[in-house]
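Visitor: Input file: target16.txt. Contents: compact mmCIF, N, CA and C atoms.
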```
# COMPACT_ATOMS: atom_id res chain seq x y z
N MET A 70 20.07 1.94 -27.74
CA MET A 70 20.66 2.01 -26.43
C MET A 70 19.66 1.48 -25.41
N THR A 71 20.12 0.63 -24.49
CA THR A 71 19.24 0.09 -23.46
C THR A 71 19.62 0.65 -22.11
N ALA A 72 18.62 0.80 -21.28
CA ALA A 72 18.87 1.28 -19.91
C ALA A 72 19.55 0.17 -19.13
N SER A 73 20.52 0.52 -18.32
CA SER A 73 21.20 -0.51 -17.54
C SER A 73 20.28 -0.99 -16.42
N GLN A 74 20.32 -2.29 -16.19
CA GLN A 74 19.52 -2.91 -15.14
C GLN A 74 20.30 -2.86 -13.82
N PRO A 75 19.60 -2.67 -12.71
CA PRO A 75 20.32 -2.73 -11.43
C PRO A 75 20.85 -4.15 -11.23
N PRO A 76 21.96 -4.29 -10.52
CA PRO A 76 22.51 -5.63 -10.34
C PRO A 76 21.57 -6.52 -9.54
N ASN A 77 21.52 -7.80 -9.89
CA ASN A 77 20.71 -8.72 -9.10
C ASN A 77 21.52 -9.14 -7.87
N THR A 78 20.89 -9.87 -6.99
CA THR A 78 21.52 -10.23 -5.72
C THR A 78 22.82 -11.00 -5.93
N ALA A 79 22.82 -11.96 -6.85
CA ALA A 79 24.03 -12.74 -7.10
C ALA A 79 25.16 -11.84 -7.60
N GLU A 80 24.85 -10.90 -8.48
CA GLU A 80 25.87 -9.97 -8.99
C GLU A 80 26.41 -9.09 -7.86
N GLU A 81 25.54 -8.67 -6.95
CA GLU A 81 25.98 -7.86 -5.81
C GLU A 81 26.94 -8.64 -4.93
N LEU A 82 26.62 -9.91 -4.68
CA LEU A 82 27.51 -10.75 -3.88
C LEU A 82 28.86 -10.89 -4.56
N ARG A 83 28.86 -11.19 -5.85
CA ARG A 83 30.11 -11.32 -6.60
C ARG A 83 30.89 -10.01 -6.58
N GLY A 84 30.17 -8.91 -6.78
CA GLY A 84 30.82 -7.60 -6.78
C GLY A 84 31.46 -7.25 -5.45
N ALA A 85 30.95 -7.83 -4.37
CA ALA A 85 31.51 -7.60 -3.04
C ALA A 85 32.61 -8.61 -2.72
N GLY A 86 32.92 -9.48 -3.69
CA GLY A 86 33.96 -10.47 -3.48
C GLY A 86 33.51 -11.68 -2.69
N LEU A 87 32.19 -11.90 -2.62
CA LEU A 87 31.66 -13.03 -1.87
C LEU A 87 31.21 -14.14 -2.82
N ARG A 88 31.36 -15.37 -2.36
CA ARG A 88 30.88 -16.51 -3.12
C ARG A 88 29.36 -16.50 -3.13
N VAL A 89 28.79 -16.81 -4.27
CA VAL A 89 27.33 -16.84 -4.40
C VAL A 89 26.82 -18.22 -4.05
N THR A 90 25.95 -18.27 -3.04
CA THR A 90 25.28 -19.51 -2.67
C THR A 90 23.80 -19.22 -2.55
N ALA A 91 22.99 -20.25 -2.66
CA ALA A 91 21.55 -20.07 -2.52
C ALA A 91 21.21 -19.49 -1.15
N ALA A 92 21.92 -19.94 -0.12
CA ALA A 92 21.66 -19.44 1.23
C ALA A 92 22.00 -17.96 1.36
N ARG A 93 23.13 -17.53 0.79
CA ARG A 93 23.49 -16.11 0.87
C ARG A 93 22.51 -15.24 0.09
N VAL A 94 22.10 -15.71 -1.07
CA VAL A 94 21.11 -14.95 -1.85
C VAL A 94 19.82 -14.83 -1.04
N ALA A 95 19.34 -15.94 -0.48
CA ALA A 95 18.11 -15.94 0.31
C ALA A 95 18.25 -15.05 1.55
N LEU A 96 19.41 -15.09 2.17
CA LEU A 96 19.63 -14.30 3.37
C LEU A 96 19.61 -12.81 3.05
N LEU A 97 20.32 -12.41 2.01
CA LEU A 97 20.35 -10.99 1.64
C LEU A 97 18.95 -10.50 1.25
N GLU A 98 18.22 -11.31 0.51
CA GLU A 98 16.87 -10.93 0.12
C GLU A 98 15.93 -10.89 1.32
N THR A 99 16.10 -11.80 2.27
CA THR A 99 15.27 -11.80 3.49
C THR A 99 15.51 -10.54 4.30
N VAL A 100 16.78 -10.16 4.48
CA VAL A 100 17.09 -8.95 5.23
C VAL A 100 16.50 -7.74 4.53
N ARG A 101 16.65 -7.66 3.23
CA ARG A 101 16.14 -6.50 2.49
C ARG A 101 14.62 -6.45 2.45
N ASP A 102 13.97 -7.59 2.50
CA ASP A 102 12.51 -7.62 2.50
C ASP A 102 11.94 -7.35 3.88
N GLY A 103 12.77 -7.48 4.92
CA GLY A 103 12.31 -7.31 6.30
C GLY A 103 12.55 -5.90 6.80
N ASP A 104 12.41 -5.76 8.10
CA ASP A 104 12.56 -4.45 8.72
C ASP A 104 13.24 -4.62 10.07
N HIS A 105 14.55 -4.43 10.13
CA HIS A 105 15.31 -4.55 11.37
C HIS A 105 15.09 -5.92 12.01
N LEU A 106 15.53 -6.93 11.32
CA LEU A 106 15.28 -8.32 11.72
C LEU A 106 16.37 -8.87 12.63
N GLY A 107 15.95 -9.69 13.59
CA GLY A 107 16.88 -10.44 14.42
C GLY A 107 17.31 -11.70 13.70
N VAL A 108 18.31 -12.36 14.24
CA VAL A 108 18.88 -13.55 13.60
C VAL A 108 17.85 -14.66 13.45
N GLU A 109 17.03 -14.88 14.46
CA GLU A 109 16.01 -15.94 14.38
C GLU A 109 15.02 -15.69 13.24
N ALA A 110 14.57 -14.45 13.10
CA ALA A 110 13.63 -14.10 12.03
C ALA A 110 14.29 -14.25 10.67
N ILE A 111 15.56 -13.89 10.58
CA ILE A 111 16.28 -14.04 9.31
C ILE A 111 16.42 -15.52 8.97
N ALA A 112 16.80 -16.33 9.96
CA ALA A 112 16.94 -17.77 9.72
C ALA A 112 15.61 -18.37 9.26
N SER A 113 14.52 -17.96 9.87
CA SER A 113 13.20 -18.45 9.48
C SER A 113 12.89 -18.05 8.03
N GLY A 114 13.19 -16.81 7.66
CA GLY A 114 12.95 -16.35 6.30
C GLY A 114 13.79 -17.08 5.28
N VAL A 115 15.04 -17.37 5.64
CA VAL A 115 15.92 -18.11 4.73
C VAL A 115 15.42 -19.54 4.57
N ARG A 116 15.01 -20.15 5.68
CA ARG A 116 14.48 -21.53 5.61
C ARG A 116 13.23 -21.60 4.74
N ALA A 117 12.40 -20.57 4.79
CA ALA A 117 11.20 -20.55 3.95
C ALA A 117 11.56 -20.47 2.47
N ARG A 118 12.71 -19.90 2.17
CA ARG A 118 13.12 -19.74 0.77
C ARG A 118 13.92 -20.93 0.24
N VAL A 119 14.82 -21.48 1.07
CA VAL A 119 15.73 -22.52 0.55
C VAL A 119 15.76 -23.81 1.35
N GLY A 120 14.99 -23.90 2.40
CA GLY A 120 15.04 -25.11 3.22
C GLY A 120 15.97 -24.93 4.40
N HIS A 121 16.50 -26.03 4.89
CA HIS A 121 17.28 -26.01 6.13
C HIS A 121 18.56 -25.19 6.00
N ILE A 122 18.83 -24.43 7.05
CA ILE A 122 20.11 -23.74 7.23
C ILE A 122 20.34 -23.64 8.72
N SER A 123 21.56 -23.89 9.14
CA SER A 123 21.87 -23.83 10.57
C SER A 123 21.97 -22.38 11.02
N LEU A 124 21.73 -22.17 12.30
CA LEU A 124 21.86 -20.84 12.87
C LEU A 124 23.30 -20.35 12.74
N GLN A 125 24.25 -21.26 12.90
CA GLN A 125 25.67 -20.90 12.77
C GLN A 125 25.96 -20.40 11.35
N ALA A 126 25.39 -21.04 10.34
CA ALA A 126 25.59 -20.60 8.96
C ALA A 126 24.97 -19.21 8.73
N VAL A 127 23.85 -18.95 9.38
CA VAL A 127 23.21 -17.63 9.27
C VAL A 127 24.13 -16.57 9.89
N TYR A 128 24.66 -16.83 11.08
CA TYR A 128 25.57 -15.89 11.72
C TYR A 128 26.80 -15.63 10.84
N GLU A 129 27.38 -16.69 10.30
CA GLU A 129 28.57 -16.54 9.46
C GLU A 129 28.27 -15.73 8.20
N ALA A 130 27.14 -16.01 7.58
CA ALA A 130 26.76 -15.27 6.37
C ALA A 130 26.47 -13.81 6.69
N LEU A 131 25.79 -13.56 7.81
CA LEU A 131 25.51 -12.17 8.20
C LEU A 131 26.80 -11.40 8.45
N ASN A 132 27.76 -12.04 9.10
CA ASN A 132 29.04 -11.38 9.34
C ASN A 132 29.74 -11.05 8.02
N ALA A 133 29.70 -11.98 7.08
CA ALA A 133 30.31 -11.75 5.76
C ALA A 133 29.60 -10.62 5.02
N LEU A 134 28.26 -10.63 5.04
CA LEU A 134 27.49 -9.60 4.34
C LEU A 134 27.69 -8.23 4.99
N ALA A 135 27.73 -8.18 6.32
CA ALA A 135 27.96 -6.91 7.01
C ALA A 135 29.37 -6.41 6.72
N GLY A 136 30.33 -7.31 6.73
CA GLY A 136 31.72 -6.93 6.43
C GLY A 136 31.88 -6.39 5.03
N ALA A 137 31.06 -6.89 4.10
CA ALA A 137 31.11 -6.44 2.71
C ALA A 137 30.26 -5.19 2.48
N GLY A 138 29.54 -4.75 3.51
CA GLY A 138 28.72 -3.55 3.38
C GLY A 138 27.39 -3.77 2.68
N LEU A 139 26.95 -5.03 2.59
CA LEU A 139 25.67 -5.32 1.93
C LEU A 139 24.50 -5.29 2.90
N VAL A 140 24.76 -5.49 4.19
CA VAL A 140 23.74 -5.34 5.22
C VAL A 140 24.37 -4.53 6.35
N ARG A 141 23.53 -3.99 7.20
CA ARG A 141 24.00 -3.21 8.34
C ARG A 141 23.55 -3.88 9.62
N ARG A 142 24.47 -4.00 10.56
CA ARG A 142 24.18 -4.56 11.88
C ARG A 142 23.91 -3.41 12.83
N LEU A 143 22.81 -3.49 13.52
CA LEU A 143 22.41 -2.48 14.49
C LEU A 143 22.32 -3.16 15.84
N GLU A 144 22.95 -2.57 16.85
CA GLU A 144 22.95 -3.16 18.18
C GLU A 144 22.51 -2.14 19.23
N PRO A 145 21.19 -1.95 19.36
CA PRO A 145 20.74 -1.05 20.43
C PRO A 145 21.15 -1.63 21.78
N PRO A 146 21.72 -0.82 22.67
CA PRO A 146 22.14 -1.35 23.98
C PRO A 146 20.99 -2.08 24.67
N GLY A 147 21.31 -3.26 25.20
CA GLY A 147 20.33 -4.05 25.91
C GLY A 147 19.41 -4.86 25.01
N SER A 148 19.67 -4.85 23.71
CA SER A 148 18.84 -5.58 22.76
C SER A 148 19.71 -6.48 21.90
N PRO A 149 19.12 -7.55 21.35
CA PRO A 149 19.91 -8.39 20.44
C PRO A 149 20.20 -7.64 19.14
N ALA A 150 21.21 -8.09 18.44
CA ALA A 150 21.58 -7.48 17.17
C ALA A 150 20.44 -7.59 16.17
N LEU A 151 20.27 -6.54 15.39
CA LEU A 151 19.28 -6.50 14.32
C LEU A 151 20.02 -6.20 13.02
N TYR A 152 19.44 -6.63 11.91
CA TYR A 152 20.07 -6.41 10.61
C TYR A 152 19.08 -5.74 9.67
N GLU A 153 19.63 -4.88 8.82
CA GLU A 153 18.80 -4.20 7.84
C GLU A 153 19.54 -4.12 6.51
N GLY A 154 18.75 -3.95 5.45
CA GLY A 154 19.32 -3.85 4.12
C GLY A 154 19.59 -2.43 3.67
N ARG A 155 19.18 -1.45 4.44
CA ARG A 155 19.42 -0.05 4.08
C ARG A 155 20.84 0.30 4.51
N VAL A 156 21.72 0.42 3.54
CA VAL A 156 23.13 0.69 3.82
C VAL A 156 23.62 1.89 3.01
N GLY A 157 24.70 2.47 3.46
CA GLY A 157 25.38 3.48 2.68
C GLY A 157 24.83 4.89 2.77
N ASP A 158 23.78 5.12 3.56
CA ASP A 158 23.24 6.47 3.62
C ASP A 158 23.35 7.10 5.00
N ASN A 159 24.00 6.44 5.95
CA ASN A 159 24.26 6.98 7.27
C ASN A 159 23.00 7.47 7.97
N HIS A 160 21.91 6.71 7.86
CA HIS A 160 20.68 7.07 8.57
C HIS A 160 20.77 6.62 10.03
N HIS A 161 19.79 7.04 10.81
CA HIS A 161 19.77 6.74 12.24
C HIS A 161 18.50 5.97 12.58
N HIS A 162 18.28 5.73 13.88
CA HIS A 162 17.15 4.89 14.30
C HIS A 162 16.42 5.47 15.51
N LEU A 163 15.13 5.19 15.54
CA LEU A 163 14.27 5.46 16.70
C LEU A 163 13.95 4.11 17.31
N VAL A 164 14.08 3.98 18.63
CA VAL A 164 13.80 2.71 19.31
C VAL A 164 12.80 2.97 20.43
N CYS A 165 11.73 2.19 20.44
CA CYS A 165 10.73 2.31 21.50
C CYS A 165 11.22 1.56 22.75
N ARG A 166 11.23 2.26 23.88
CA ARG A 166 11.67 1.65 25.14
C ARG A 166 10.68 0.60 25.65
N SER A 167 9.44 0.66 25.18
CA SER A 167 8.43 -0.25 25.68
C SER A 167 8.32 -1.52 24.84
N CYS A 168 8.03 -1.38 23.56
CA CYS A 168 7.80 -2.56 22.72
C CYS A 168 9.03 -2.97 21.90
N GLY A 169 10.03 -2.11 21.84
CA GLY A 169 11.27 -2.45 21.14
C GLY A 169 11.26 -2.22 19.65
N VAL A 170 10.18 -1.68 19.09
CA VAL A 170 10.13 -1.44 17.66
C VAL A 170 11.26 -0.48 17.27
N VAL A 171 11.85 -0.73 16.10
CA VAL A 171 12.93 0.10 15.58
C VAL A 171 12.51 0.63 14.22
N VAL A 172 12.67 1.94 14.02
CA VAL A 172 12.34 2.55 12.73
C VAL A 172 13.49 3.44 12.30
N ASP A 173 13.62 3.60 10.99
CA ASP A 173 14.65 4.46 10.42
C ASP A 173 14.25 5.91 10.53
N VAL A 174 15.25 6.76 10.68
CA VAL A 174 15.07 8.21 10.61
C VAL A 174 16.28 8.75 9.86
N ASP A 175 16.03 9.66 8.94
CA ASP A 175 17.12 10.21 8.16
C ASP A 175 18.04 11.04 9.04
N CYS A 176 19.16 11.45 8.48
CA CYS A 176 20.18 12.19 9.24
C CYS A 176 19.60 13.35 10.02
N ALA A 177 20.21 13.61 11.16
CA ALA A 177 19.75 14.67 12.05
C ALA A 177 19.82 16.03 11.36
N VAL A 178 20.99 16.41 10.90
CA VAL A 178 21.15 17.67 10.18
C VAL A 178 22.34 17.57 9.24
N GLY A 179 22.30 18.32 8.18
CA GLY A 179 23.45 18.45 7.30
C GLY A 179 23.77 17.20 6.52
N HIS A 180 24.99 17.15 6.06
CA HIS A 180 25.47 16.05 5.23
C HIS A 180 26.18 15.02 6.09
N ALA A 181 26.35 13.82 5.55
CA ALA A 181 27.04 12.76 6.27
C ALA A 181 28.40 13.29 6.73
N PRO A 182 28.83 13.04 7.91
CA PRO A 182 28.26 12.08 8.86
C PRO A 182 27.17 12.64 9.75
N CYS A 183 26.48 13.63 9.38
CA CYS A 183 25.29 14.15 10.05
C CYS A 183 25.57 14.97 11.28
N LEU A 184 26.53 14.61 12.04
CA LEU A 184 26.85 15.34 13.26
C LEU A 184 28.33 15.66 13.27
N THR A 185 28.66 16.82 13.78
CA THR A 185 30.06 17.20 13.88
C THR A 185 30.47 17.05 15.34
N ALA A 186 31.49 16.28 15.58
CA ALA A 186 31.98 16.07 16.94
C ALA A 186 32.57 17.36 17.48
N SER A 187 32.36 17.62 18.76
CA SER A 187 32.90 18.84 19.36
C SER A 187 34.43 18.79 19.37
N ASP A 188 34.99 17.59 19.46
CA ASP A 188 36.44 17.40 19.39
C ASP A 188 36.67 16.06 18.70
N ASP A 189 37.14 16.09 17.45
CA ASP A 189 37.32 14.83 16.71
C ASP A 189 38.59 14.08 17.11
N ARG A 190 39.40 14.69 17.98
CA ARG A 190 40.63 14.07 18.53
C ARG A 190 41.52 13.49 17.45
N GLY A 191 41.48 14.13 16.26
CA GLY A 191 42.34 13.70 15.16
C GLY A 191 41.75 12.64 14.26
N PHE A 192 40.54 12.17 14.57
CA PHE A 192 39.89 11.15 13.74
C PHE A 192 39.38 11.78 12.46
N ALA A 193 39.41 11.03 11.37
CA ALA A 193 38.77 11.42 10.11
C ALA A 193 37.38 10.78 10.14
N ILE A 194 36.40 11.46 10.69
CA ILE A 194 35.06 10.90 10.90
C ILE A 194 34.32 10.78 9.58
N ASP A 195 33.76 9.60 9.30
CA ASP A 195 33.00 9.40 8.06
C ASP A 195 31.60 8.86 8.31
N GLU A 196 31.25 8.63 9.56
CA GLU A 196 29.92 8.11 9.87
C GLU A 196 29.57 8.46 11.31
N ALA A 197 28.30 8.72 11.54
CA ALA A 197 27.79 8.93 12.90
C ALA A 197 26.64 7.96 13.11
N GLU A 198 26.61 7.32 14.26
CA GLU A 198 25.53 6.39 14.56
C GLU A 198 24.75 6.94 15.74
N VAL A 199 23.49 7.26 15.50
CA VAL A 199 22.64 7.86 16.51
C VAL A 199 21.43 6.97 16.73
N ILE A 200 21.10 6.73 17.99
CA ILE A 200 19.88 6.02 18.32
C ILE A 200 19.06 6.92 19.23
N TYR A 201 17.87 7.24 18.77
CA TYR A 201 16.93 8.01 19.58
C TYR A 201 16.05 7.04 20.34
N TRP A 202 15.90 7.24 21.64
CA TRP A 202 15.09 6.37 22.49
C TRP A 202 13.84 7.12 22.94
N GLY A 203 12.74 6.40 23.04
CA GLY A 203 11.50 6.99 23.54
C GLY A 203 10.37 5.99 23.41
N LEU A 204 9.15 6.46 23.34
CA LEU A 204 7.98 5.60 23.17
C LEU A 204 7.40 5.82 21.79
N CYS A 205 7.07 4.72 21.10
CA CYS A 205 6.42 4.83 19.80
C CYS A 205 5.01 5.38 20.01
N PRO A 206 4.33 5.81 18.96
CA PRO A 206 2.99 6.38 19.13
C PRO A 206 2.01 5.44 19.84
N GLN A 207 2.05 4.14 19.52
CA GLN A 207 1.10 3.20 20.13
C GLN A 207 1.40 3.03 21.63
N CYS A 208 2.66 2.89 22.00
CA CYS A 208 3.00 2.73 23.41
C CYS A 208 2.78 4.03 24.19
N SER A 209 3.05 5.14 23.55
CA SER A 209 2.81 6.43 24.19
C SER A 209 1.31 6.62 24.48
N GLU A 210 0.48 6.26 23.51
CA GLU A 210 -0.97 6.36 23.68
C GLU A 210 -1.45 5.43 24.78
N ALA A 211 -0.96 4.18 24.76
CA ALA A 211 -1.35 3.20 25.78
C ALA A 211 -0.90 3.65 27.16
N SER A 212 0.27 4.28 27.25
CA SER A 212 0.80 4.75 28.52
C SER A 212 -0.06 5.91 29.09
N SER A 213 -0.49 6.79 28.21
CA SER A 213 -1.26 7.94 28.67
C SER A 213 -2.71 7.59 28.99
N SER A 214 -3.19 6.47 28.45
CA SER A 214 -4.59 6.09 28.74
C SER A 214 -4.69 5.03 29.82
N ALA A 215 -3.55 4.59 30.36
CA ALA A 215 -3.58 3.59 31.43
C ALA A 215 -4.07 4.23 32.72
N PRO A 216 -4.84 3.47 33.53
CA PRO A 216 -5.36 4.03 34.80
C PRO A 216 -4.29 4.32 35.79
```
Show me the file's structure as structure tokens.
Guide:
Amino acid sequence: MTASQPPNTAEELRGAGLRVTAARVALLETVRDGDHLGVEAIASGVRARVGHISLQAVYEALNALAGAGLVRRLEPPGSPALYEGRVGDNHHHLVCRSCGVVVDVDCAVGHAPCLTASDDRGFAIDEAEVIYWGLCPQCSEASSSAP
């Protein structure tokens, strides 16, 4: 008996009903290797892996991957969209108001969707999206030591 291998990127794309292309494989791997990446950074990472790709193709592929649940789109208010490969666990984010760094934080309390709405208004809630805002340790330290 052999242990089953986790699916490779191409198998994941196929399993999600998406066509496998070198650009999509490179894009998914770039997002997963990065940390809350913007579109420009993703395009740069894909170009480093497979050569030229248009920004429009990156946007289209990201929309397809997000729609298939293979990447997650995060849109902190006032900031450009960011993408991450951590999906399916309903985690939340900390965002620094000064430098803009974004980090993951596990659920606030309990089981998914982590928070119970005071009035669900008849919705069957399956996910909660929380963004905590503040200063990261480096910006907080710099702020407190400024003259």
Visitor: What's around region 77-85 of chain A at 10 Å? Count only C-alpha atoms, leave out sequence neighbours fewer than 5 positions away in its own chain, and write the answer as number ranges by chain.
Guide: A: 90-91, 93-95, 97-98, 133-134, 136-139
Visitor: Which parts of region 156-198 of chain A does DSSP call strand (DSSP E) when run on the backbone here, written out as a list in words?
Guide: His161, His162, Leu163, Val164, Cys165, Val171, Val172, Asp173 and Val174 of chain A
Visitor: At a cut-off of 12 Å around the point (7.7, -0.9, 16.5) (file coordinates), what residues fall inside when counting only C-alpha atoms? I'd like the answer as a PDB file with N, CA and C atoms, keeping the file's coordinate frame.
Guide:
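Here's the written file point-v4.pdb:
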```
ATOM      1  N   ASP A 104      12.410  -5.760   8.100  1.00  0.00           N
ATOM      2  CA  ASP A 104      12.560  -4.450   8.720  1.00  0.00           C
ATOM      3  C   ASP A 104      13.240  -4.620  10.070  1.00  0.00           C
ATOM      4  N   HIS A 105      14.550  -4.430  10.130  1.00  0.00           N
ATOM      5  CA  HIS A 105      15.310  -4.550  11.370  1.00  0.00           C
ATOM      6  C   HIS A 105      15.090  -5.920  12.010  1.00  0.00           C
ATOM      7  N   LEU A 106      15.530  -6.930  11.320  1.00  0.00           N
ATOM      8  CA  LEU A 106      15.280  -8.320  11.720  1.00  0.00           C
ATOM      9  C   LEU A 106      16.370  -8.870  12.630  1.00  0.00           C
ATOM     10  N   HIS A 162      18.280   5.730  13.880  1.00  0.00           N
ATOM     11  CA  HIS A 162      17.150   4.890  14.300  1.00  0.00           C
ATOM     12  C   HIS A 162      16.420   5.470  15.510  1.00  0.00           C
ATOM     13  N   LEU A 163      15.130   5.190  15.540  1.00  0.00           N
ATOM     14  CA  LEU A 163      14.270   5.460  16.700  1.00  0.00           C
ATOM     15  C   LEU A 163      13.950   4.110  17.310  1.00  0.00           C
ATOM     16  N   VAL A 164      14.080   3.980  18.630  1.00  0.00           N
ATOM     17  CA  VAL A 164      13.800   2.710  19.310  1.00  0.00           C
ATOM     18  C   VAL A 164      12.800   2.970  20.430  1.00  0.00           C
ATOM     19  N   CYS A 165      11.730   2.190  20.440  1.00  0.00           N
ATOM     20  CA  CYS A 165      10.730   2.310  21.500  1.00  0.00           C
ATOM     21  C   CYS A 165      11.220   1.560  22.750  1.00  0.00           C
ATOM     22  N   ARG A 166      11.230   2.260  23.880  1.00  0.00           N
ATOM     23  CA  ARG A 166      11.670   1.650  25.140  1.00  0.00           C
ATOM     24  C   ARG A 166      10.680   0.600  25.650  1.00  0.00           C
ATOM     25  N   SER A 167       9.440   0.660  25.180  1.00  0.00           N
ATOM     26  CA  SER A 167       8.430  -0.250  25.680  1.00  0.00           C
ATOM     27  C   SER A 167       8.320  -1.520  24.840  1.00  0.00           C
ATOM     28  N   CYS A 168       8.030  -1.380  23.560  1.00  0.00           N
ATOM     29  CA  CYS A 168       7.800  -2.560  22.720  1.00  0.00           C
ATOM     30  C   CYS A 168       9.030  -2.970  21.900  1.00  0.00           C
ATOM     31  N   GLY A 169      10.030  -2.110  21.840  1.00  0.00           N
ATOM     32  CA  GLY A 169      11.270  -2.450  21.140  1.00  0.00           C
ATOM     33  C   GLY A 169      11.260  -2.220  19.650  1.00  0.00           C
ATOM     34  N   VAL A 170      10.180  -1.680  19.090  1.00  0.00           N
ATOM     35  CA  VAL A 170      10.130  -1.440  17.660  1.00  0.00           C
ATOM     36  C   VAL A 170      11.260  -0.480  17.270  1.00  0.00           C
ATOM     37  N   VAL A 171      11.850  -0.730  16.100  1.00  0.00           N
ATOM     38  CA  VAL A 171      12.930   0.100  15.580  1.00  0.00           C
ATOM     39  C   VAL A 171      12.510   0.630  14.220  1.00  0.00           C
ATOM     40  N   VAL A 172      12.670   1.940  14.020  1.00  0.00           N
ATOM     41  CA  VAL A 172      12.340   2.550  12.730  1.00  0.00           C
ATOM     42  C   VAL A 172      13.490   3.440  12.300  1.00  0.00           C
ATOM     43  N   ASP A 173      13.620   3.600  10.990  1.00  0.00           N
ATOM     44  CA  ASP A 173      14.650   4.460  10.420  1.00  0.00           C
ATOM     45  C   ASP A 173      14.250   5.910  10.530  1.00  0.00           C
ATOM     46  N   TRP A 202      15.900   7.240  21.640  1.00  0.00           N
ATOM     47  CA  TRP A 202      15.090   6.370  22.490  1.00  0.00           C
ATOM     48  C   TRP A 202      13.840   7.120  22.940  1.00  0.00           C
ATOM     49  N   GLY A 203      12.740   6.400  23.040  1.00  0.00           N
ATOM     50  CA  GLY A 203      11.500   6.990  23.540  1.00  0.00           C
ATOM     51  C   GLY A 203      10.370   5.990  23.410  1.00  0.00           C
ATOM     52  N   LEU A 204       9.150   6.460  23.340  1.00  0.00           N
ATOM     53  CA  LEU A 204       7.980   5.600  23.170  1.00  0.00           C
ATOM     54  C   LEU A 204       7.400   5.820  21.790  1.00  0.00           C
ATOM     55  N   CYS A 205       7.070   4.720  21.100  1.00  0.00           N
ATOM     56  CA  CYS A 205       6.420   4.830  19.800  1.00  0.00           C
ATOM     57  C   CYS A 205       5.010   5.380  20.010  1.00  0.00           C
ATOM     58  N   PRO A 206       4.330   5.810  18.960  1.00  0.00           N
ATOM     59  CA  PRO A 206       2.990   6.380  19.130  1.00  0.00           C
ATOM     60  C   PRO A 206       2.010   5.440  19.840  1.00  0.00           C
ATOM     61  N   GLN A 207       2.050   4.140  19.520  1.00  0.00           N
ATOM     62  CA  GLN A 207       1.100   3.200  20.130  1.00  0.00           C
ATOM     63  C   GLN A 207       1.400   3.030  21.630  1.00  0.00           C
ATOM     64  N   CYS A 208       2.660   2.890  22.000  1.00  0.00           N
ATOM     65  CA  CYS A 208       3.000   2.730  23.410  1.00  0.00           C
ATOM     66  C   CYS A 208       2.780   4.030  24.190  1.00  0.00           C
ATOM     67  N   SER A 209       3.050   5.140  23.550  1.00  0.00           N
ATOM     68  CA  SER A 209       2.810   6.430  24.190  1.00  0.00           C
ATOM     69  C   SER A 209       1.310   6.620  24.480  1.00  0.00           C
TER      70      SER A 209
END
```
Visitor: Find the distance between CA of Leu87 (chain A) and CA of Ala110 (chain A) and write it in Å to one decimal.
Guide: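 CA of Leu87 (chain A) sits 22.8 Å away from CA of Ala110 (chain A).
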Visitor: List every residue of chain A that DSSP, applied to the backbone, labels as helix (DSSP H, G or I), and write the result as a PyMOL selection string.
Guide: chain A and resi 78-84+91-102+108-119+124-136+206-214
Visitor: If I take atom N of Glu144 (chain A) and CA of Ile200 (chain A), how far is one from the other in Å, to one decimal?
Guide: 9.2 Å
Visitor: So what do you get for atom C of Gly147 (chain A) versus atom N of Ile111 (chain A), distance-wise?
Guide: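 So the two atoms, atom C of Gly147 (chain A) and atom N of Ile111 (chain A), lie 17.5 Å apart.
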